[in-house]
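So this one's target15.txt, compact mmCIF, C-alpha atoms and all ligand atoms:
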# COMPACT_ATOMS: atom_id res chain seq x y z
CA MET Q 1 57.16 1.53 -10.53
CA ARG Q 2 54.27 1.73 -8.09
CA GLY Q 3 51.23 -0.47 -8.91
CA GLN Q 4 47.69 0.61 -9.67
CA PHE Q 5 44.95 0.40 -7.05
CA TYR Q 6 41.50 -0.69 -8.22
CA VAL Q 7 38.34 -0.47 -6.13
CA ILE Q 8 36.00 -2.85 -7.91
CA GLY Q 9 32.25 -3.14 -7.46
CA VAL Q 10 31.28 -6.81 -7.65
CA GLY Q 11 27.50 -6.41 -7.63
CA PRO Q 12 24.84 -7.53 -5.15
CA GLY Q 13 25.51 -11.25 -5.15
CA ASP Q 14 24.62 -12.94 -8.42
CA PRO Q 15 27.95 -13.57 -10.19
CA GLU Q 16 26.17 -12.91 -13.51
CA LEU Q 17 25.86 -9.30 -12.36
CA LEU Q 18 29.63 -8.93 -12.28
CA THR Q 19 30.72 -6.61 -15.07
CA LEU Q 20 33.13 -7.76 -17.77
CA LYS Q 21 35.46 -5.00 -16.61
CA ALA Q 22 35.39 -6.21 -13.00
CA VAL Q 23 36.25 -9.74 -14.10
CA ARG Q 24 39.05 -8.58 -16.40
CA LEU Q 25 40.67 -6.37 -13.78
CA LEU Q 26 40.34 -8.94 -11.02
CA GLU Q 27 42.00 -11.49 -13.28
CA LYS Q 28 44.75 -9.00 -14.03
CA CYS Q 29 45.54 -8.03 -10.42
CA PRO Q 30 47.87 -10.49 -8.67
CA VAL Q 31 46.99 -9.10 -5.23
CA TRP Q 32 43.49 -8.75 -3.75
CA PHE Q 33 42.53 -7.16 -0.47
CA VAL Q 34 39.02 -8.27 0.41
CA PRO Q 35 36.87 -6.61 3.09
CA LYS Q 36 34.96 -8.55 5.72
CA ALA Q 37 32.62 -7.26 8.39
CA HIS Q 38 33.38 -9.79 11.13
CA GLN Q 39 36.78 -10.78 12.45
CA ASN Q 40 36.07 -14.51 12.07
CA GLY Q 41 33.61 -14.19 9.20
CA GLU Q 42 33.94 -14.57 5.48
CA SER Q 43 34.21 -11.83 2.88
CA THR Q 44 30.96 -11.41 0.94
CA ALA Q 45 32.79 -9.80 -1.96
CA LEU Q 46 35.10 -12.80 -2.16
CA SER Q 47 32.24 -15.28 -2.02
CA ILE Q 48 30.57 -13.49 -4.96
CA LEU Q 49 33.74 -14.01 -6.99
CA ALA Q 50 34.24 -17.66 -6.03
CA GLY Q 51 33.73 -19.89 -9.02
CA THR Q 52 33.70 -17.02 -11.51
CA VAL Q 53 37.12 -15.43 -11.24
CA ALA Q 54 40.08 -17.78 -10.89
CA THR Q 55 41.98 -17.18 -7.65
CA HIS Q 56 44.84 -19.59 -8.39
CA GLY Q 57 48.21 -17.93 -7.88
CA LYS Q 58 46.71 -14.79 -6.34
CA GLU Q 59 47.71 -13.33 -3.03
CA ILE Q 60 44.40 -12.72 -1.24
CA MET Q 61 44.35 -10.88 2.05
CA LYS Q 62 41.24 -10.42 4.15
CA LEU Q 63 40.81 -7.13 5.94
CA HIS Q 64 38.43 -6.70 8.85
CA PHE Q 65 36.40 -3.48 8.89
CA PRO Q 66 34.21 -3.23 12.01
CA MET Q 67 30.60 -2.28 11.30
CA LYS Q 68 30.13 0.98 13.18
CA LYS Q 69 27.97 4.00 12.40
CA ILE Q 70 29.83 6.76 10.56
CA LYS Q 71 28.38 10.25 10.54
CA MET Q 72 29.77 12.74 8.07
CA GLY Q 73 31.38 15.71 9.79
CA GLU Q 74 31.99 13.71 12.97
CA GLU Q 75 35.15 11.92 14.05
CA PRO Q 76 34.78 8.22 13.15
CA ASP Q 77 35.15 5.56 15.84
CA ALA Q 78 38.83 4.89 16.73
CA GLU Q 79 38.53 1.18 15.88
CA VAL Q 80 37.19 2.05 12.43
CA GLN Q 81 39.95 4.56 11.78
CA ALA Q 82 42.53 2.01 12.90
CA ALA Q 83 41.12 -0.51 10.40
CA TRP Q 84 41.42 2.03 7.56
CA GLN Q 85 45.01 2.77 8.57
CA THR Q 86 45.93 -0.92 8.75
CA ALA Q 87 44.35 -1.52 5.33
CA SER Q 88 46.04 1.51 3.82
CA ARG Q 89 49.50 0.50 5.10
CA ALA Q 90 49.16 -3.07 3.82
CA ILE Q 91 47.85 -1.98 0.40
CA LEU Q 92 50.52 0.69 0.00
CA HIS Q 93 53.22 -1.84 0.84
CA LYS Q 94 52.10 -4.05 -2.06
CA LEU Q 95 51.68 -1.12 -4.45
CA ASP Q 96 55.18 0.08 -3.60
CA GLN Q 97 56.49 -3.35 -4.56
CA GLY Q 98 55.02 -2.73 -8.02
CA TRP Q 99 51.96 -5.01 -7.74
CA ASP Q 100 48.56 -4.01 -9.07
CA VAL Q 101 46.07 -4.38 -6.24
CA ALA Q 102 42.32 -5.02 -6.37
CA PHE Q 103 39.84 -4.18 -3.62
CA PRO Q 104 36.57 -5.92 -4.53
CA THR Q 105 33.56 -4.45 -2.78
CA LEU Q 106 29.87 -5.38 -2.58
CA GLY Q 107 27.51 -3.69 -5.04
CA ASP Q 108 28.76 -0.36 -6.28
CA PRO Q 109 31.75 1.31 -4.58
CA ALA Q 110 30.05 4.73 -4.63
CA ILE Q 111 27.28 3.63 -2.25
CA TYR Q 112 28.16 3.26 1.43
CA SER Q 113 31.32 1.35 0.67
CA THR Q 114 34.46 1.01 2.75
CA GLY Q 115 36.41 1.33 -0.48
CA PHE Q 116 36.23 5.12 -0.51
CA TYR Q 117 37.34 5.46 3.14
CA VAL Q 118 40.32 3.30 2.27
CA CYS Q 119 41.06 5.48 -0.79
CA ASP Q 120 40.96 8.65 1.34
CA THR Q 121 43.33 7.13 3.88
CA LEU Q 122 45.66 5.93 1.12
CA LEU Q 123 45.69 9.33 -0.59
CA LYS Q 124 46.61 11.06 2.68
CA ALA Q 125 49.63 8.77 2.95
CA ALA Q 126 50.50 8.87 -0.77
CA PRO Q 127 48.83 11.78 -2.61
CA GLN Q 128 50.28 10.78 -6.01
CA LEU Q 129 48.74 7.33 -5.87
CA SER Q 130 46.88 6.17 -8.95
CA ILE Q 131 43.41 4.87 -8.12
CA SER Q 132 40.68 3.52 -10.40
CA ILE Q 133 37.09 3.10 -9.27
CA VAL Q 134 35.17 0.45 -11.18
CA PRO Q 135 31.38 0.75 -10.84
CA GLY Q 136 29.26 -2.27 -10.05
CA VAL Q 137 25.56 -3.16 -10.05
CA SER Q 138 24.16 -1.77 -6.81
CA SER Q 139 21.81 -3.65 -4.52
CA ILE Q 140 19.44 -0.71 -5.00
CA GLY Q 141 18.93 -1.50 -8.68
CA ALA Q 142 18.91 -5.23 -7.97
CA SER Q 143 16.25 -4.80 -5.25
CA ALA Q 144 14.03 -2.71 -7.52
CA ALA Q 145 14.43 -5.33 -10.26
CA ALA Q 146 13.52 -8.12 -7.83
CA ALA Q 147 10.42 -6.21 -6.78
CA GLY Q 148 9.58 -5.59 -10.44
CA GLN Q 149 9.14 -1.89 -9.96
CA PRO Q 150 10.94 1.30 -10.98
CA LEU Q 151 12.79 3.49 -8.54
CA CYS Q 152 11.76 6.70 -10.25
CA LEU Q 153 9.94 7.81 -13.37
CA GLY Q 154 9.18 11.21 -14.91
CA ASP Q 155 9.85 13.94 -12.39
CA ASN Q 156 9.99 11.61 -9.36
CA ARG Q 157 12.58 12.38 -6.73
CA LEU Q 158 14.57 9.49 -5.31
CA VAL Q 159 16.55 9.44 -2.08
CA VAL Q 160 18.75 6.79 -0.51
CA ILE Q 161 19.33 6.78 3.24
CA PRO Q 162 20.49 4.43 5.96
CA ALA Q 163 17.45 3.43 8.03
CA THR Q 164 19.60 3.84 11.11
CA PHE Q 165 19.03 7.62 10.85
CA GLU Q 166 17.28 9.32 13.77
CA ASN Q 167 13.50 9.05 13.52
CA GLY Q 168 13.06 12.78 12.83
CA ARG Q 169 15.19 12.73 9.69
CA LEU Q 170 13.66 9.49 8.53
CA ARG Q 171 10.15 10.92 8.91
CA GLU Q 172 11.06 14.12 7.10
CA THR Q 173 12.67 12.16 4.25
CA LEU Q 174 9.70 9.82 3.88
CA GLN Q 175 7.39 12.82 3.73
CA SER Q 176 9.47 14.77 1.21
CA PHE Q 177 10.44 12.32 -1.55
CA ASP Q 178 8.54 10.17 -4.05
CA THR Q 179 10.75 7.14 -3.59
CA VAL Q 180 12.84 6.37 -0.52
CA VAL Q 181 15.37 3.55 -0.44
CA LEU Q 182 16.15 2.48 3.10
CA MET Q 183 19.40 0.58 3.45
CA LYS Q 184 20.79 -1.13 6.56
CA VAL Q 185 17.25 -1.87 7.76
CA HIS Q 186 17.89 -5.30 9.28
CA ARG Q 187 18.14 -4.19 12.91
CA VAL Q 188 15.61 -1.34 12.81
CA MET Q 189 12.68 -2.83 10.93
CA ASP Q 190 10.33 -2.42 13.92
CA LYS Q 191 11.08 1.31 14.02
CA VAL Q 192 10.66 1.58 10.23
CA VAL Q 193 7.32 -0.26 10.30
CA THR Q 194 6.00 1.96 13.11
CA LEU Q 195 6.94 5.06 11.14
CA LEU Q 196 5.52 3.76 7.84
CA THR Q 197 2.26 2.89 9.61
CA GLU Q 198 2.06 6.37 11.14
CA LEU Q 199 2.63 7.95 7.72
CA ASP Q 200 0.16 5.58 6.05
CA LEU Q 201 2.89 4.27 3.77
CA LEU Q 202 3.05 0.64 4.81
CA ASP Q 203 1.28 -0.59 1.67
CA LYS Q 204 3.73 1.37 -0.49
CA ALA Q 205 6.77 -0.42 0.91
CA VAL Q 206 8.55 -3.55 -0.22
CA LEU Q 207 11.34 -5.37 1.57
CA VAL Q 208 13.93 -7.17 -0.54
CA GLU Q 209 16.21 -9.62 1.20
CA ARG Q 210 19.38 -10.86 -0.52
CA SER Q 211 18.45 -9.44 -3.92
CA SER Q 212 19.89 -11.38 -6.86
CA GLN Q 213 21.07 -14.17 -4.54
CA ARG Q 214 19.82 -17.76 -4.44
CA ASP Q 215 17.63 -17.19 -1.38
CA GLN Q 216 16.24 -13.81 -2.52
CA ARG Q 217 12.89 -12.85 -0.95
CA VAL Q 218 10.55 -10.03 -1.93
CA ARG Q 219 8.16 -9.22 0.89
CA ARG Q 220 5.17 -6.95 1.32
CA ASP Q 221 4.45 -8.26 4.83
CA LEU Q 222 6.73 -5.80 6.59
CA THR Q 223 4.89 -6.12 9.90
CA VAL Q 224 5.64 -9.84 9.94
CA ALA Q 225 9.21 -9.28 8.77
CA ALA Q 226 9.80 -6.81 11.60
CA ARG Q 227 9.26 -9.64 14.10
CA GLU Q 228 11.91 -11.81 12.44
CA GLU Q 229 15.67 -11.71 12.40
CA LEU Q 230 16.54 -10.17 9.05
CA HIS Q 231 19.67 -10.62 7.03
CA TYR Q 232 22.08 -7.69 6.73
CA PHE Q 233 21.34 -7.76 2.98
CA SER Q 234 17.89 -6.26 3.38
CA THR Q 235 16.62 -3.14 1.65
CA VAL Q 236 13.23 -1.44 1.80
CA ILE Q 237 11.90 0.58 -1.11
CA VAL Q 238 9.02 2.97 -0.40
CA ARG Q 239 7.50 4.19 -3.64
CA LYS Q 240 4.61 6.55 -3.13
CA THR Q 241 3.53 7.12 -6.72
C1 LIG T 301 27.25 -0.97 3.37
S1 LIG T 301 25.85 -0.98 2.31
C2 LIG T 301 26.63 -1.48 0.82
C3 LIG T 301 25.85 -1.10 -0.41
C4 LIG T 301 26.55 -1.53 -1.69
N1 LIG T 301 27.75 -0.74 -1.91
C5 LIG T 301 25.65 -1.44 -2.90
O1 LIG T 301 25.98 -0.72 -3.87
O2 LIG T 301 24.63 -2.12 -2.93
C6 LIG T 301 25.06 -2.44 2.87
C7 LIG T 301 23.54 -2.38 2.66
O3 LIG T 301 23.27 -2.57 1.29
C8 LIG T 301 22.07 -3.31 1.14
N2 LIG T 301 22.37 -4.55 0.42
C9 LIG T 301 23.58 -5.00 0.04
N3 LIG T 301 23.47 -6.14 -0.68
C10 LIG T 301 22.14 -6.40 -0.76
C11 LIG T 301 21.37 -7.41 -1.41
N4 LIG T 301 21.95 -8.38 -2.12
N5 LIG T 301 20.01 -7.34 -1.29
C12 LIG T 301 19.40 -6.35 -0.60
N6 LIG T 301 20.08 -5.37 0.01
C13 LIG T 301 21.43 -5.39 -0.06
C14 LIG T 301 21.51 -3.59 2.53
O4 LIG T 301 20.61 -2.55 2.86
C15 LIG T 301 22.78 -3.49 3.37
O5 LIG T 301 22.48 -3.20 4.72
As structure tokens, what does this structure read like?
Amino acid sequence: MRGQFYVIGVGPGDPELLTLKAVRLLEKCPVWFVPKAHQNGESTALSILAGTVATHGKEIMKLHFPMKKIKMGEEPDAEVQAAWQTASRAILHKLDQGWDVAFPTLGDPAIYSTGFYVCDTLLKAAPQLSISIVPGVSSIGASAAAAGQPLCLGDNRLVVIPATFENGRLRETLQSFDTVVLMKVHRVMDKVVTLLTELDLLDKAVLVERSSQRDQRVRRDLTVAAREELHYFSTVIVRKT
């Protein structure tokens, strides 16, 4: 019988933010496919699990997913599609051998995660496949907690966008919503700061680097931060109210 495929959110970094369900299912699955962003780099999801979930006796395979912009409704980059296909073939092979397979992913799988692209590719190849999505603590919630502020209250409207959006859409979004969460800000902080200054929102913004991790930083000095090299795990929350 074919195995079960689990996409498991492992939270934003602090192993204590792993859910009991994530730990149980990871312990149960003999095969893990772990994503990594750089060919020679490490898997963040795997490093979150190290020391908390025993890996002894597990078959752990690292899959490289290049970090390229994906726009909905547009054909994804060929290299990205090839990575999804490679992942899908390797996962399906293990499932067809009857193994349960886990795909741990940073934060929550429903938020900008490779996990869902892999699921789509798998389901095209094997429509009857059984897939379970296990939610995790998102870096959005963890960043708000680190900053000690809510994301939304009362009738507030909250939006989450990648900061890599074109300036026009970013401006419109910042003008329209009460709280804006900007993800993937690390390479575009200068652009974000310019826009926030123009919209008189700079003092409403907080930058959270590596939320829930040992070297977490909560920063209000966005102008200074924009001149520094930021970690990929950086999120800006703009809360107007
Ligand atoms: C591809 S998205 C993955 C989001 C993830 N699925 C989640 O639920 O948090 C990557 C972006 O999430 C944010 N991020 C992930 N981990 C973070 C952390 N520990 N602290 C702050 N931001 C983080 C950053 O904006 C980063 O560029």
How close does each residue of chain Q get to ligand LIG 301 (chain T), giving the shortest atom pair and distance in Å to one decimal for every residue with an atom at most 8 Å away, counting all atoms listed in the file, sorted by chain and residue number, as a tab-separated table?
residue	atom	partner	partner_atom	distance
Q:Gly9	CA	T:LIG301	N1	7.5
Q:Gly11	CA	T:LIG301	O2	7.0
Q:Pro12	CA	T:LIG301	N4	4.3
Q:Gly13	CA	T:LIG301	N4	5.5
Q:Thr105	CA	T:LIG301	N1	6.9
Q:Leu106	CA	T:LIG301	N1	5.1
Q:Gly107	CA	T:LIG301	O1	3.5
Q:Asp108	CA	T:LIG301	O1	3.7
Q:Pro109	CA	T:LIG301	N1	5.2
Q:Ala110	CA	T:LIG301	N1	6.5
Q:Ile111	CA	T:LIG301	N1	4.4
Q:Tyr112	CA	T:LIG301	C1	4.7
Q:Ser113	CA	T:LIG301	N1	4.9
Q:Thr114	CA	T:LIG301	C1	7.5
Q:Gly136	CA	T:LIG301	O1	7.2
Q:Val137	CA	T:LIG301	O1	6.7
Q:Ser138	CA	T:LIG301	O1	3.6
Q:Ser139	CA	T:LIG301	O2	3.6
Q:Ile140	CA	T:LIG301	O2	5.8
Q:Ala142	CA	T:LIG301	N5	7.1
Q:Ser143	CA	T:LIG301	C12	5.8
Q:Pro162	CA	T:LIG301	O4	7.6
Q:Leu182	CA	T:LIG301	O4	6.7
Q:Met183	CA	T:LIG301	O4	3.4
Q:Lys184	CA	T:LIG301	O5	3.2
Q:Val185	CA	T:LIG301	O4	6.0
Q:His186	CA	T:LIG301	O5	6.8
Q:Val208	CA	T:LIG301	C12	5.5
Q:Glu209	CA	T:LIG301	C12	4.9
Q:Arg210	CA	T:LIG301	N5	3.7
Q:Ser211	CA	T:LIG301	N5	3.7
Q:Ser212	CA	T:LIG301	N4	6.0
Q:Gln213	CA	T:LIG301	N4	6.3
Q:Gln216	CA	T:LIG301	N5	7.6
Q:Tyr232	CA	T:LIG301	O5	4.9
Q:Phe233	CA	T:LIG301	C13	3.9
Q:Ser234	CA	T:LIG301	N6	4.1
Q:Thr235	CA	T:LIG301	O4	4.2
Q:Val236	CA	T:LIG301	O4	7.5
In Å, how far is it from atom CA of Phe165 of chain Q to atom CA of Leu153 of chain Q? 25.9 Å
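With atom CA of Pro150 of chain Q on one side and atom CA of Phe116 of chain Q on the other, the separation reads 27.6 Å.
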Using all atoms listed in the file, which residues sit within 12 Å of Phe177 of chain Q once same-chain residues fewer than 2 positions away are excluded, as an mmCIF file with C-alpha atoms, keeping the file's coordinate frame?
data_model
loop_
_atom_site.group_PDB
_atom_site.id
_atom_site.type_symbol
_atom_site.label_atom_id
_atom_site.label_comp_id
_atom_site.auth_asym_id
_atom_site.auth_seq_id
_atom_site.Cartn_x
_atom_site.Cartn_y
_atom_site.Cartn_z
ATOM 1 C CA LEU Q 151 12.790 3.490 -8.540
ATOM 2 C CA CYS Q 152 11.760 6.700 -10.250
ATOM 3 C CA ASP Q 155 9.850 13.940 -12.390
ATOM 4 C CA ASN Q 156 9.990 11.610 -9.360
ATOM 5 C CA ARG Q 157 12.580 12.380 -6.730
ATOM 6 C CA LEU Q 158 14.570 9.490 -5.310
ATOM 7 C CA VAL Q 159 16.550 9.440 -2.080
ATOM 8 C CA VAL Q 160 18.750 6.790 -0.510
ATOM 9 C CA ILE Q 161 19.330 6.780 3.240
ATOM 10 C CA LEU Q 170 13.660 9.490 8.530
ATOM 11 C CA ARG Q 171 10.150 10.920 8.910
ATOM 12 C CA GLU Q 172 11.060 14.120 7.100
ATOM 13 C CA THR Q 173 12.670 12.160 4.250
ATOM 14 C CA LEU Q 174 9.700 9.820 3.880
ATOM 15 C CA GLN Q 175 7.390 12.820 3.730
ATOM 16 C CA THR Q 179 10.750 7.140 -3.590
ATOM 17 C CA VAL Q 180 12.840 6.370 -0.520
ATOM 18 C CA VAL Q 181 15.370 3.550 -0.440
ATOM 19 C CA ILE Q 237 11.900 0.580 -1.110
ATOM 20 C CA VAL Q 238 9.020 2.970 -0.400
ATOM 21 C CA ARG Q 239 7.500 4.190 -3.640
ATOM 22 C CA LYS Q 240 4.610 6.550 -3.130
ATOM 23 C CA THR Q 241 3.530 7.120 -6.720
#
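Counting all atoms listed in the file, Ala78 of chain Q has the following residues at most 12 Å away, ignoring those fewer than 5 positions along the same chain: Phe65, Pro66, Lys68, Lys69, Ile70, Ala83, Trp84 and Gln85 of chain Q.
Each of Q:Val10, Q:Leu230, Q:Val31, Q:Val188 was checked against Gln97 of chain Q using only C-alpha atoms; the smallest atom-to-atom distance is that of Q:Val31.
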Fewer than 3 positions away in the same chain doesn't count, so skip those; otherwise give me all residues within 10 Å of Asp203 of chain Q, counting all atoms listed in the file, as a PyMOL selection string. chain Q and resi 196-197+200+206+220-222+238-240
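If you measure from each of Q:Ile91, Q:Met1, Q:Gln81, Q:Asp190 to Glu229 of chain Q using all atoms listed in the file, the closest one turns out to be Q:Asp190.
Comparing the minimum interatomic distances between Ala90 of chain Q and each of Q:Ala50, Q:Leu20, Q:Leu207, Q:Ile60, counting all atoms listed in the file, we find that Q:Ile60 sits nearest.
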Show me the residues around (45.6, -11.8, -12.1) - criterion: an atom at most 7 Å away, only C-alpha atoms counted - as a ChimeraX atom specification. /Q:26-30,58
Taking (38.7, -8.5, -0.7) in the file's coordinates, which residues come within 8 Å, counting all atoms listed in the file, written as an MDAnalysis selection string? chainID Q and resid 32:36 43 45:46 60:63 102:105
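The space separating atom CA of Gly148 of chain Q from atom CA of Arg169 of chain Q comes to 27.8 Å.
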Please put the answer as AutoDock Vina command-line options: centre and edge lengths, in Å with one decimal, of a box along x, y and z that encloses all listed atoms of segment 52-71 of chain Q plus 6 Å on each side.
--center_x 38.1 --center_y -4.7 --center_z 0.8 --size_x 32.2 --size_y 41.8 --size_z 36.7
When you count only C-alpha atoms, which of these residues is closest to Thr44 of chain Q: Q:Pro15, Q:Gly154, Q:Gly3, Q:Gly141? Q:Pro15
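Each of Q:Glu79, Q:Phe5, Q:Gly41, Q:Leu201 was checked against Leu123 of chain Q using all atoms listed in the file; the smallest atom-to-atom distance is that of Q:Phe5.
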Fix up segment 43-58 of chain Q with N, CA and C atoms, then write it as a compact mmCIF listing (two decimals), keeping the file's coordinate frame.
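Ended up saving to out-v4.txt:
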# COMPACT_ATOMS: atom_id res chain seq x y z
N SER Q 43 34.40 -13.05 3.66
CA SER Q 43 34.21 -11.83 2.88
C SER Q 43 33.11 -12.08 1.85
N THR Q 44 32.05 -11.26 1.91
CA THR Q 44 30.96 -11.41 0.94
C THR Q 44 31.46 -11.17 -0.47
N ALA Q 45 32.27 -10.13 -0.62
CA ALA Q 45 32.79 -9.80 -1.96
C ALA Q 45 33.54 -11.00 -2.53
N LEU Q 46 34.32 -11.65 -1.68
CA LEU Q 46 35.10 -12.80 -2.16
C LEU Q 46 34.18 -13.96 -2.53
N SER Q 47 33.13 -14.15 -1.72
CA SER Q 47 32.24 -15.28 -2.02
C SER Q 47 31.49 -15.04 -3.33
N ILE Q 48 31.24 -13.78 -3.67
CA ILE Q 48 30.57 -13.49 -4.96
C ILE Q 48 31.49 -13.90 -6.13
N LEU Q 49 32.79 -13.74 -5.91
CA LEU Q 49 33.74 -14.01 -6.99
C LEU Q 49 34.06 -15.50 -7.14
N ALA Q 50 33.87 -16.24 -6.02
CA ALA Q 50 34.24 -17.66 -6.03
C ALA Q 50 33.55 -18.38 -7.18
N GLY Q 51 34.32 -19.10 -7.92
CA GLY Q 51 33.73 -19.89 -9.02
C GLY Q 51 33.63 -19.12 -10.32
N THR Q 52 33.81 -17.81 -10.27
CA THR Q 52 33.70 -17.02 -11.51
C THR Q 52 35.06 -16.46 -11.93
N VAL Q 53 35.79 -15.96 -10.94
CA VAL Q 53 37.12 -15.43 -11.24
C VAL Q 53 38.15 -16.37 -10.60
N ALA Q 54 39.08 -16.83 -11.40
CA ALA Q 54 40.08 -17.78 -10.89
C ALA Q 54 40.97 -17.10 -9.85
N THR Q 55 41.16 -17.78 -8.72
CA THR Q 55 41.98 -17.18 -7.65
C THR Q 55 43.37 -17.85 -7.57
N HIS Q 56 43.57 -18.85 -8.43
CA HIS Q 56 44.84 -19.59 -8.39
C HIS Q 56 46.03 -18.64 -8.60
N GLY Q 57 47.00 -18.74 -7.73
CA GLY Q 57 48.21 -17.93 -7.88
C GLY Q 57 48.07 -16.51 -7.36
N LYS Q 58 46.90 -16.17 -6.83
CA LYS Q 58 46.71 -14.79 -6.34
C LYS Q 58 47.04 -14.72 -4.86
